[in-house]
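**Student:** Structure file start09.txt (compact mmCIF, C-alpha atoms and all ligand atoms) right here:
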```txt
# COMPACT_ATOMS: atom_id res chain seq x y z
CA MET A 27 23.72 17.46 -65.69
CA LYS A 28 21.70 14.23 -65.83
CA ILE A 29 18.83 13.69 -63.37
CA ARG A 30 17.08 10.34 -63.07
CA ALA A 31 13.38 10.80 -62.35
CA SER A 32 13.57 8.12 -59.65
CA SER A 33 16.23 10.18 -57.82
CA LEU A 34 14.07 13.31 -57.64
CA PRO A 35 12.52 12.54 -54.21
CA ASP A 36 16.08 12.32 -52.79
CA LEU A 37 17.08 15.58 -54.47
CA LEU A 38 14.07 17.42 -53.07
CA ASP A 39 14.35 15.80 -49.62
CA CYS A 40 18.10 16.20 -48.92
CA ALA A 41 20.15 17.57 -51.82
CA ALA A 42 23.37 16.74 -49.98
CA ARG A 43 22.36 13.07 -49.89
CA TRP A 44 21.50 13.23 -53.59
CA GLU A 45 24.93 14.71 -54.33
CA ALA A 46 26.58 11.92 -52.31
CA LYS A 47 24.75 9.22 -54.24
CA HIS A 48 24.56 10.63 -57.73
CA ILE A 49 27.60 12.86 -58.11
CA LYS A 50 30.10 11.45 -55.63
CA LYS A 51 28.77 7.95 -56.45
CA LEU A 52 28.81 6.76 -52.85
CA ARG A 53 26.87 3.53 -52.59
CA LEU A 54 24.86 1.72 -49.95
CA PRO A 55 23.66 -1.85 -50.37
CA THR A 56 19.95 -2.12 -51.24
CA SER A 57 17.65 -2.50 -48.24
CA GLY A 58 15.25 -5.43 -47.95
CA LYS A 59 12.34 -2.98 -48.08
CA ALA A 60 13.57 -1.48 -51.36
CA GLN A 61 14.06 -4.95 -52.84
CA LEU A 62 10.51 -5.87 -51.84
CA GLY A 63 9.34 -2.89 -53.93
CA THR A 64 11.57 -3.98 -56.82
CA ALA A 65 10.04 -7.47 -56.64
CA VAL A 66 6.46 -6.14 -56.82
CA HIS A 67 7.42 -3.90 -59.73
CA ALA A 68 9.02 -6.84 -61.57
CA GLY A 69 6.02 -9.18 -61.17
CA THR A 70 3.34 -6.64 -62.04
CA ALA A 71 5.36 -5.38 -65.03
CA ALA A 72 5.66 -8.94 -66.36
CA PHE A 73 1.89 -9.37 -66.01
CA ASP A 74 0.97 -6.05 -67.67
CA SER A 75 3.59 -6.41 -70.43
CA SER A 76 2.19 -9.78 -71.42
CA ILE A 77 -1.30 -8.28 -71.76
CA LEU A 78 0.07 -5.35 -73.77
CA ALA A 79 1.86 -7.82 -76.06
CA LYS A 80 -1.45 -9.72 -76.47
CA ASN A 81 0.21 -12.83 -75.08
CA PRO A 82 -1.13 -12.82 -71.51
CA VAL A 83 0.46 -14.93 -68.81
CA THR A 84 -1.31 -15.95 -65.60
CA VAL A 85 -0.91 -14.09 -62.32
CA ASP A 86 1.05 -17.06 -60.97
CA ASP A 87 3.35 -17.20 -63.99
CA ALA A 88 4.18 -13.51 -63.61
CA ALA A 89 4.81 -14.14 -59.89
CA GLY A 90 7.98 -15.97 -60.92
CA GLU A 91 9.56 -12.53 -61.41
CA VAL A 92 8.65 -11.63 -57.82
CA VAL A 93 10.31 -14.76 -56.46
CA ASP A 94 13.44 -14.23 -58.59
CA ALA A 95 13.83 -10.63 -57.43
CA ILE A 96 13.69 -11.72 -53.80
CA TRP A 97 15.92 -14.78 -54.02
CA LYS A 98 18.22 -13.88 -56.92
CA PRO A 99 18.64 -10.09 -56.67
CA ARG A 100 20.95 -8.41 -59.18
CA GLU A 101 22.52 -6.27 -56.45
CA GLU A 102 23.64 -6.85 -52.89
CA VAL A 103 20.64 -6.69 -50.54
CA VAL A 104 20.80 -6.34 -46.78
CA TRP A 105 18.01 -8.40 -45.26
CA GLY A 106 17.50 -7.67 -41.57
CA ASP A 107 15.68 -9.00 -38.55
CA ASP A 108 12.80 -6.65 -39.36
CA LEU A 109 12.35 -8.10 -42.86
CA GLY A 110 13.79 -11.41 -43.98
CA GLN A 111 13.62 -12.91 -47.47
CA ARG A 112 10.83 -15.38 -46.67
CA GLU A 113 8.62 -12.67 -45.18
CA ALA A 114 9.40 -10.23 -48.02
CA GLU A 115 8.45 -12.92 -50.54
CA GLY A 116 5.07 -13.46 -48.84
CA ILE A 117 4.28 -9.73 -48.75
CA ALA A 118 5.43 -9.15 -52.34
CA LEU A 119 3.47 -12.12 -53.71
CA ASP A 120 0.29 -11.01 -51.93
CA LEU A 121 0.60 -7.44 -53.27
CA HIS A 122 1.38 -8.80 -56.74
CA ARG A 123 -1.83 -10.86 -56.70
CA LYS A 124 -3.91 -8.00 -55.32
CA TYR A 125 -2.60 -5.66 -58.03
CA CYS A 126 -3.19 -8.19 -60.84
CA LYS A 127 -6.72 -9.01 -59.68
CA ASN A 128 -7.99 -5.63 -58.45
CA ILE A 129 -6.07 -2.91 -60.31
CA ALA A 130 -4.82 -4.27 -63.65
CA PRO A 131 -8.26 -5.35 -65.00
CA GLU A 132 -9.50 -1.75 -64.68
CA GLN A 133 -6.62 -0.30 -66.71
CA GLU A 134 -5.90 0.02 -70.41
CA TYR A 135 -2.18 0.46 -70.73
CA VAL A 136 -0.41 1.67 -73.84
CA ALA A 137 3.09 1.42 -72.34
CA VAL A 138 4.66 -0.61 -69.54
CA GLU A 139 8.07 0.35 -68.15
CA GLN A 140 8.54 3.02 -70.83
CA THR A 141 12.19 4.10 -70.83
CA CYS A 142 13.36 7.51 -71.95
CA ASP A 143 17.14 7.70 -72.05
CA VAL A 144 17.57 11.39 -72.71
CA LEU A 145 15.27 14.38 -72.55
CA GLU A 146 17.53 17.38 -72.83
CA ILE A 147 16.21 20.70 -71.54
CA LYS A 148 18.82 22.91 -73.12
CA ASP A 149 17.82 26.29 -71.66
CA LEU A 150 18.11 24.85 -68.13
CA GLY A 151 21.26 22.82 -68.84
CA ILE A 152 19.79 19.59 -67.50
CA THR A 153 18.95 16.22 -68.96
CA LEU A 154 16.11 14.11 -67.61
CA THR A 155 16.11 10.35 -67.82
CA GLY A 156 14.11 7.51 -66.34
CA THR A 157 11.52 4.79 -66.78
CA THR A 158 7.81 5.45 -66.43
CA ASP A 159 5.94 2.57 -64.77
CA ARG A 160 2.84 2.74 -66.99
CA VAL A 161 1.00 4.96 -69.44
CA ARG A 162 -2.75 4.42 -69.57
CA LYS A 163 -5.45 5.37 -72.04
CA THR A 164 -8.40 7.33 -70.66
CA PRO A 165 -11.31 9.33 -72.16
CA ASP A 166 -9.25 12.45 -71.29
CA GLY A 167 -6.14 11.26 -73.14
CA LEU A 168 -3.04 9.46 -71.94
CA GLY A 169 -2.03 9.50 -68.28
CA ILE A 170 0.88 8.32 -66.14
CA VAL A 171 0.53 5.52 -63.62
CA ASP A 172 3.20 5.19 -60.95
CA LEU A 173 3.35 2.22 -58.56
CA LYS A 174 4.42 3.07 -55.02
CA THR A 175 5.06 0.44 -52.39
CA GLY A 176 5.49 1.42 -48.76
CA GLY A 177 4.33 1.07 -45.20
CA ALA A 178 2.13 4.18 -45.46
CA ALA A 179 1.10 3.92 -49.12
CA VAL A 180 -2.61 3.29 -48.48
CA ALA A 181 -4.51 4.49 -45.38
CA ALA A 182 -7.00 2.30 -43.52
CA ASP A 183 -9.88 4.06 -45.31
CA GLY A 184 -8.35 3.16 -48.70
CA THR A 185 -6.98 6.65 -49.43
CA VAL A 186 -3.71 6.53 -51.36
CA LYS A 187 -0.96 8.93 -50.32
CA THR A 188 -0.32 11.31 -53.21
CA ALA A 189 1.16 14.29 -51.35
CA GLY A 190 4.76 15.05 -52.24
CA HIS A 191 4.79 13.01 -55.47
CA ALA A 192 3.72 15.73 -57.95
CA SER A 193 7.18 16.86 -59.11
CA GLN A 194 8.37 13.33 -59.78
CA ILE A 195 5.12 12.46 -61.58
CA ALA A 196 5.47 15.61 -63.69
CA VAL A 197 8.95 14.48 -64.77
CA TYR A 198 7.49 11.12 -65.77
CA GLU A 199 4.85 12.97 -67.79
CA LEU A 200 7.55 14.89 -69.66
CA LEU A 201 9.61 11.74 -70.26
CA ALA A 202 6.68 9.60 -71.42
CA GLY A 203 5.28 12.36 -73.63
CA PHE A 204 8.70 12.79 -75.22
CA SER A 205 9.45 9.11 -75.77
CA LEU A 206 5.96 8.25 -77.07
CA GLY A 207 5.70 11.46 -79.10
CA LEU A 208 2.20 11.99 -77.67
CA PRO A 209 0.85 14.51 -75.15
CA ILE A 210 0.08 13.33 -71.61
CA THR A 211 -3.12 15.13 -70.71
CA ALA A 212 -5.05 12.97 -68.22
CA PRO A 213 -4.54 13.13 -64.44
CA ALA A 214 -1.79 10.86 -63.17
CA GLN A 215 -2.53 7.88 -60.95
CA ILE A 216 -0.53 6.66 -57.98
CA VAL A 217 -1.15 2.97 -57.38
CA GLY A 218 -0.48 2.50 -53.68
CA LEU A 219 0.63 -0.95 -52.49
CA GLN A 220 0.75 -1.16 -48.71
CA THR A 221 3.61 -3.40 -47.56
CA ALA A 222 2.05 -4.33 -44.21
CA LYS A 223 3.07 -7.45 -42.32
CA THR A 224 -0.51 -8.68 -41.86
CA GLU A 225 -2.55 -9.81 -44.84
CA LYS A 226 -5.55 -7.72 -43.79
CA ALA A 227 -3.58 -4.48 -43.71
CA ARG A 228 -2.00 -5.09 -47.11
CA ARG A 229 -4.17 -2.73 -49.10
CA VAL A 230 -3.96 -1.61 -52.72
CA GLY A 231 -5.66 1.46 -54.15
CA ILE A 232 -5.47 4.35 -56.58
CA GLY A 233 -5.00 8.07 -55.92
CA GLU A 234 -5.02 10.83 -58.52
CA ILE A 235 -2.78 13.81 -59.16
CA ALA A 236 -4.10 16.43 -61.58
CA ASN A 237 -1.97 19.23 -63.07
CA ALA A 238 1.29 17.76 -61.79
CA ARG A 239 3.35 19.84 -64.22
CA GLU A 240 2.17 23.18 -62.78
CA ALA A 241 4.67 23.17 -59.90
CA LEU A 242 7.45 21.61 -61.96
CA VAL A 243 7.39 24.00 -64.87
CA GLY A 244 6.21 27.24 -63.23
CA ASP A 245 4.82 30.28 -65.02
CA GLU A 246 5.62 33.94 -65.69
CA LEU A 247 5.22 34.79 -61.99
CA ASN A 248 6.63 31.69 -60.30
CA LEU A 249 9.83 29.72 -60.77
CA GLY A 250 9.18 26.06 -61.49
CA VAL A 251 10.83 23.34 -59.41
CA LEU A 252 12.87 22.26 -62.44
CA GLU A 253 14.33 25.74 -62.85
CA MET A 254 15.15 25.91 -59.13
CA ILE A 255 16.91 22.55 -59.38
CA ALA A 256 18.86 23.73 -62.44
CA LYS A 257 20.03 26.85 -60.56
CA MET A 258 21.02 24.77 -57.54
CA LEU A 259 23.01 22.30 -59.65
CA LYS A 260 24.70 25.10 -61.58
CA ALA A 261 25.71 26.79 -58.33
CA GLY A 262 26.94 23.48 -56.92
CA ILE A 263 24.96 24.08 -53.72
CA PHE A 264 23.43 20.96 -52.19
CA LEU A 265 21.39 21.87 -49.15
CA PRO A 266 21.46 19.25 -46.37
CA ASN A 267 18.29 18.29 -44.51
CA PRO A 268 19.13 16.67 -41.17
CA ARG A 269 15.38 16.55 -40.42
CA SER A 270 14.83 14.18 -43.35
CA GLN A 271 13.16 10.91 -42.37
CA LEU A 272 15.91 9.18 -44.33
CA CYS A 273 18.73 10.90 -42.43
CA SER A 274 20.21 7.69 -41.08
CA ALA A 275 23.12 5.36 -41.75
CA LYS A 276 20.64 2.98 -43.37
CA TYR A 277 19.66 5.37 -46.15
CA CYS A 278 22.43 7.96 -46.46
CA PRO A 279 25.89 6.89 -47.68
CA MET A 280 27.58 9.93 -46.10
CA TYR A 281 25.81 9.73 -42.75
CA LEU A 282 28.98 9.02 -40.77
CA SER A 283 30.93 11.90 -42.33
CA CYS A 284 28.09 14.42 -42.71
CA ARG A 285 28.91 17.61 -40.81
CA TYR A 286 25.38 18.99 -41.07
CA ARG A 287 23.34 16.40 -39.20
CA GLY A 288 24.28 17.92 -35.85
S1 LIG B 301 23.46 12.70 -43.08
FE1 LIG B 301 21.40 13.60 -43.19
S2 LIG B 301 21.73 15.77 -43.65
FE2 LIG B 301 23.65 14.70 -44.09
S3 LIG B 301 23.48 14.24 -46.28
FE3 LIG B 301 22.74 12.46 -45.19
S4 LIG B 301 20.51 12.75 -45.06
FE4 LIG B 301 21.41 14.72 -45.57
```
As structure tokens, please, write out the structure in this file.
Ligand code: SF4

**Tutor:**
Amino acid sequence: MKIRASSLPDLLDCAARWEAKHIKKLRLPTSGKAQLGTAVHAGTAAFDSSILAKNPVTVDDAAGEVVDAIWKPREEVVWGDDLGQREAEGIALDLHRKYCKNIAPEQEYVAVEQTCDVLEIKDLGITLTGTTDRVRKTPDGLGIVDLKTGGAAVAADGTVKTAGHASQIAVYELLAGFSLGLPITAPAQIVGLQTAKTEKARRVGIGEIANAREALVGDELNLGVLEMIAKMLKAGIFLPNPRSQLCSAKYCPMYLSCRYRG
């Protein structure tokens, strides 16, 4: 069974929702919020890729990707009263500039948007796939960098939310290590990009996750998360979580027919 790294938060939050999206292939249109994140990813990736290719473009040139993602999305996007295209463009452009000016100059990337199509883990019967945002070079070896946009990505004191991301980051470490053919040994970084409506509250920052693979892989005494997932998929049991923050018609394609949300 194939698992996209980007779908792991869904799988660990409400497995029934993951099944609906990734096995039953039920679809919801993309939300404006999600598209805002896609736009920031597109602009910053264009900027970092150009530096990696030793053909740097300006921050404003790379911002063209942000504007295109907002105004010419590749998928259907539902813009609402809470976030329209014009406002999303302003937020995304501001975060793009803050990232390019405050975060990117401190990093030495060796890979940008590194795709790994297939990492087969035969003994568990699962295949991992996905695209790692960045791989950086550090004195401690290579490390993963994952960009996270969101309304609670960076606290007022500048702390970046890292809790709950370890399993997904660990999958990115496996994928990047496999596709680059090099070990990933440095702590991972979460680059938080706060999608606040006011300019002042739009913060960017970095948080670290060390030893992300511990929980994912497990040891002789403890099952790893990956093994638990493999057992769950093999059994065909997808536990619902009606207490999930995403248990709503906006985020779950089977919300109307779900018998578990009570
Ligand atoms: S409606 Fe709620 S409990 Fe049911 S699958 Fe969706 S998120 Fe999970």

**Student:** Could you list, as a PyMOL selection string, all protein and nucleic acid residues with an atom at most 12 Å from ligand LIG 301 (chain B), counting all atoms listed in the file?

**Tutor:** chain A and resi 36-47+50+52+54+264-288

**Student:** If you take only C-alpha atoms and a cut-off of 8 Å, which residues of range 164-188 of chain A touch range 57-75 of chain A, and what are their nearest atom pairs and distances in Å to one decimal, in chain and number order, as JSON lines?

**Tutor:**
```
{"residue": "A:Leu173", "atom": "CA", "partner": "A:His67", "partner_atom": "CA", "distance": 7.4}
{"residue": "A:Lys174", "atom": "CA", "partner": "A:Gly63", "partner_atom": "CA", "distance": 7.8}
{"residue": "A:Thr175", "atom": "CA", "partner": "A:Gly63", "partner_atom": "CA", "distance": 5.6}
{"residue": "A:Gly176", "atom": "CA", "partner": "A:Gly63", "partner_atom": "CA", "distance": 7.8}
```

**Student:** Between CA of Leu242 in chain A and CA of Met254 in chain A, what distance in Å does the model show, to one decimal?

**Tutor:** 9.3 Å

**Student:** Nearest residue to Glu113 in chain A out of A:Ala31, A:Ile129, A:Ala79, A:Ala222, using only C-alpha atoms?

**Tutor:** A:Ala222

**Student:** Just how far from CA of Glu134 in chain A is CA of Ala241 in chain A, in Å to one decimal?

**Tutor:** 27.5 Å

**Student:** For Val180 in chain A, which of A:Val104, A:Leu201, A:Ala227, A:Met258 is the closest residue, counting only C-alpha atoms?

**Tutor:**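 Comparing A:Val104, A:Leu201, A:Ala227, A:Met258 against Val180 in chain A, the winner is A:Ala227.
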
**Student:** For CA of Thr188 in chain A and CA of Arg229 in chain A, determine how far apart the two atoms are, in Å to one decimal place.

**Tutor:**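 Interatomic distance here is 15.1 Å.
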
**Student:** Looking at A:Gly250, A:Pro35, A:Gly151, A:Gly184, which one is nearest to Val217 in chain A, with distances taken over only C-alpha atoms?

**Tutor:**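 Of A:Gly250, A:Pro35, A:Gly151, A:Gly184, the one nearest Val217 in chain A is A:Gly184, counting only C-alpha atoms.
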
**Student:** With distances taken over all atoms listed in the file, which residue among A:Ala182, A:Ile216, A:Val243, A:Ile77 lies nearest Ala130 in chain A?

**Tutor:** A:Ile77

**Student:** Can you check which parts of range 172-282 of chain A lie within 12 Å of range 155-164 of chain A? Per residue, the shortest pair of atoms and distance in Å to one decimal, counting only C-alpha atoms, sorted by chain and number, as CSV.

**Tutor:**
```
residue,atom,partner,partner_atom,distance
A:Asp172,CA,A:Asp159,CA,5.4
A:Leu173,CA,A:Asp159,CA,6.7
A:Lys174,CA,A:Asp159,CA,9.9
A:Gln194,CA,A:Thr158,CA,10.3
A:Ile195,CA,A:Thr158,CA,8.9
A:Ala196,CA,A:Thr158,CA,10.8
A:Val197,CA,A:Thr155,CA,8.8
A:Tyr198,CA,A:Thr158,CA,5.7
A:Glu199,CA,A:Thr158,CA,8.2
A:Leu200,CA,A:Thr155,CA,9.9
A:Leu201,CA,A:Thr155,CA,7.1
A:Ala202,CA,A:Thr158,CA,6.6
A:Gly203,CA,A:Val161,CA,9.5
A:Phe204,CA,A:Thr155,CA,10.8
A:Ser205,CA,A:Thr158,CA,10.2
A:Leu206,CA,A:Val161,CA,9.7
A:Leu208,CA,A:Val161,CA,10.9
A:Pro209,CA,A:Val161,CA,11.1
A:Ile210,CA,A:Val161,CA,8.7
A:Thr211,CA,A:Thr164,CA,9.4
A:Ala212,CA,A:Thr164,CA,7.0
A:Pro213,CA,A:Thr164,CA,9.3
A:Ala214,CA,A:Val161,CA,9.1
A:Gln215,CA,A:Arg162,CA,9.3
A:Ile216,CA,A:Asp159,CA,10.2
A:Val217,CA,A:Asp159,CA,10.2
```

**Student:** Around (1.6, -10.2, -42.0) in the file's frame, which residues reach within 10 Å when counting only C-alpha atoms? Return as a PyMOL selection string?

**Tutor:** chain A and resi 113-114+116-117+221-228
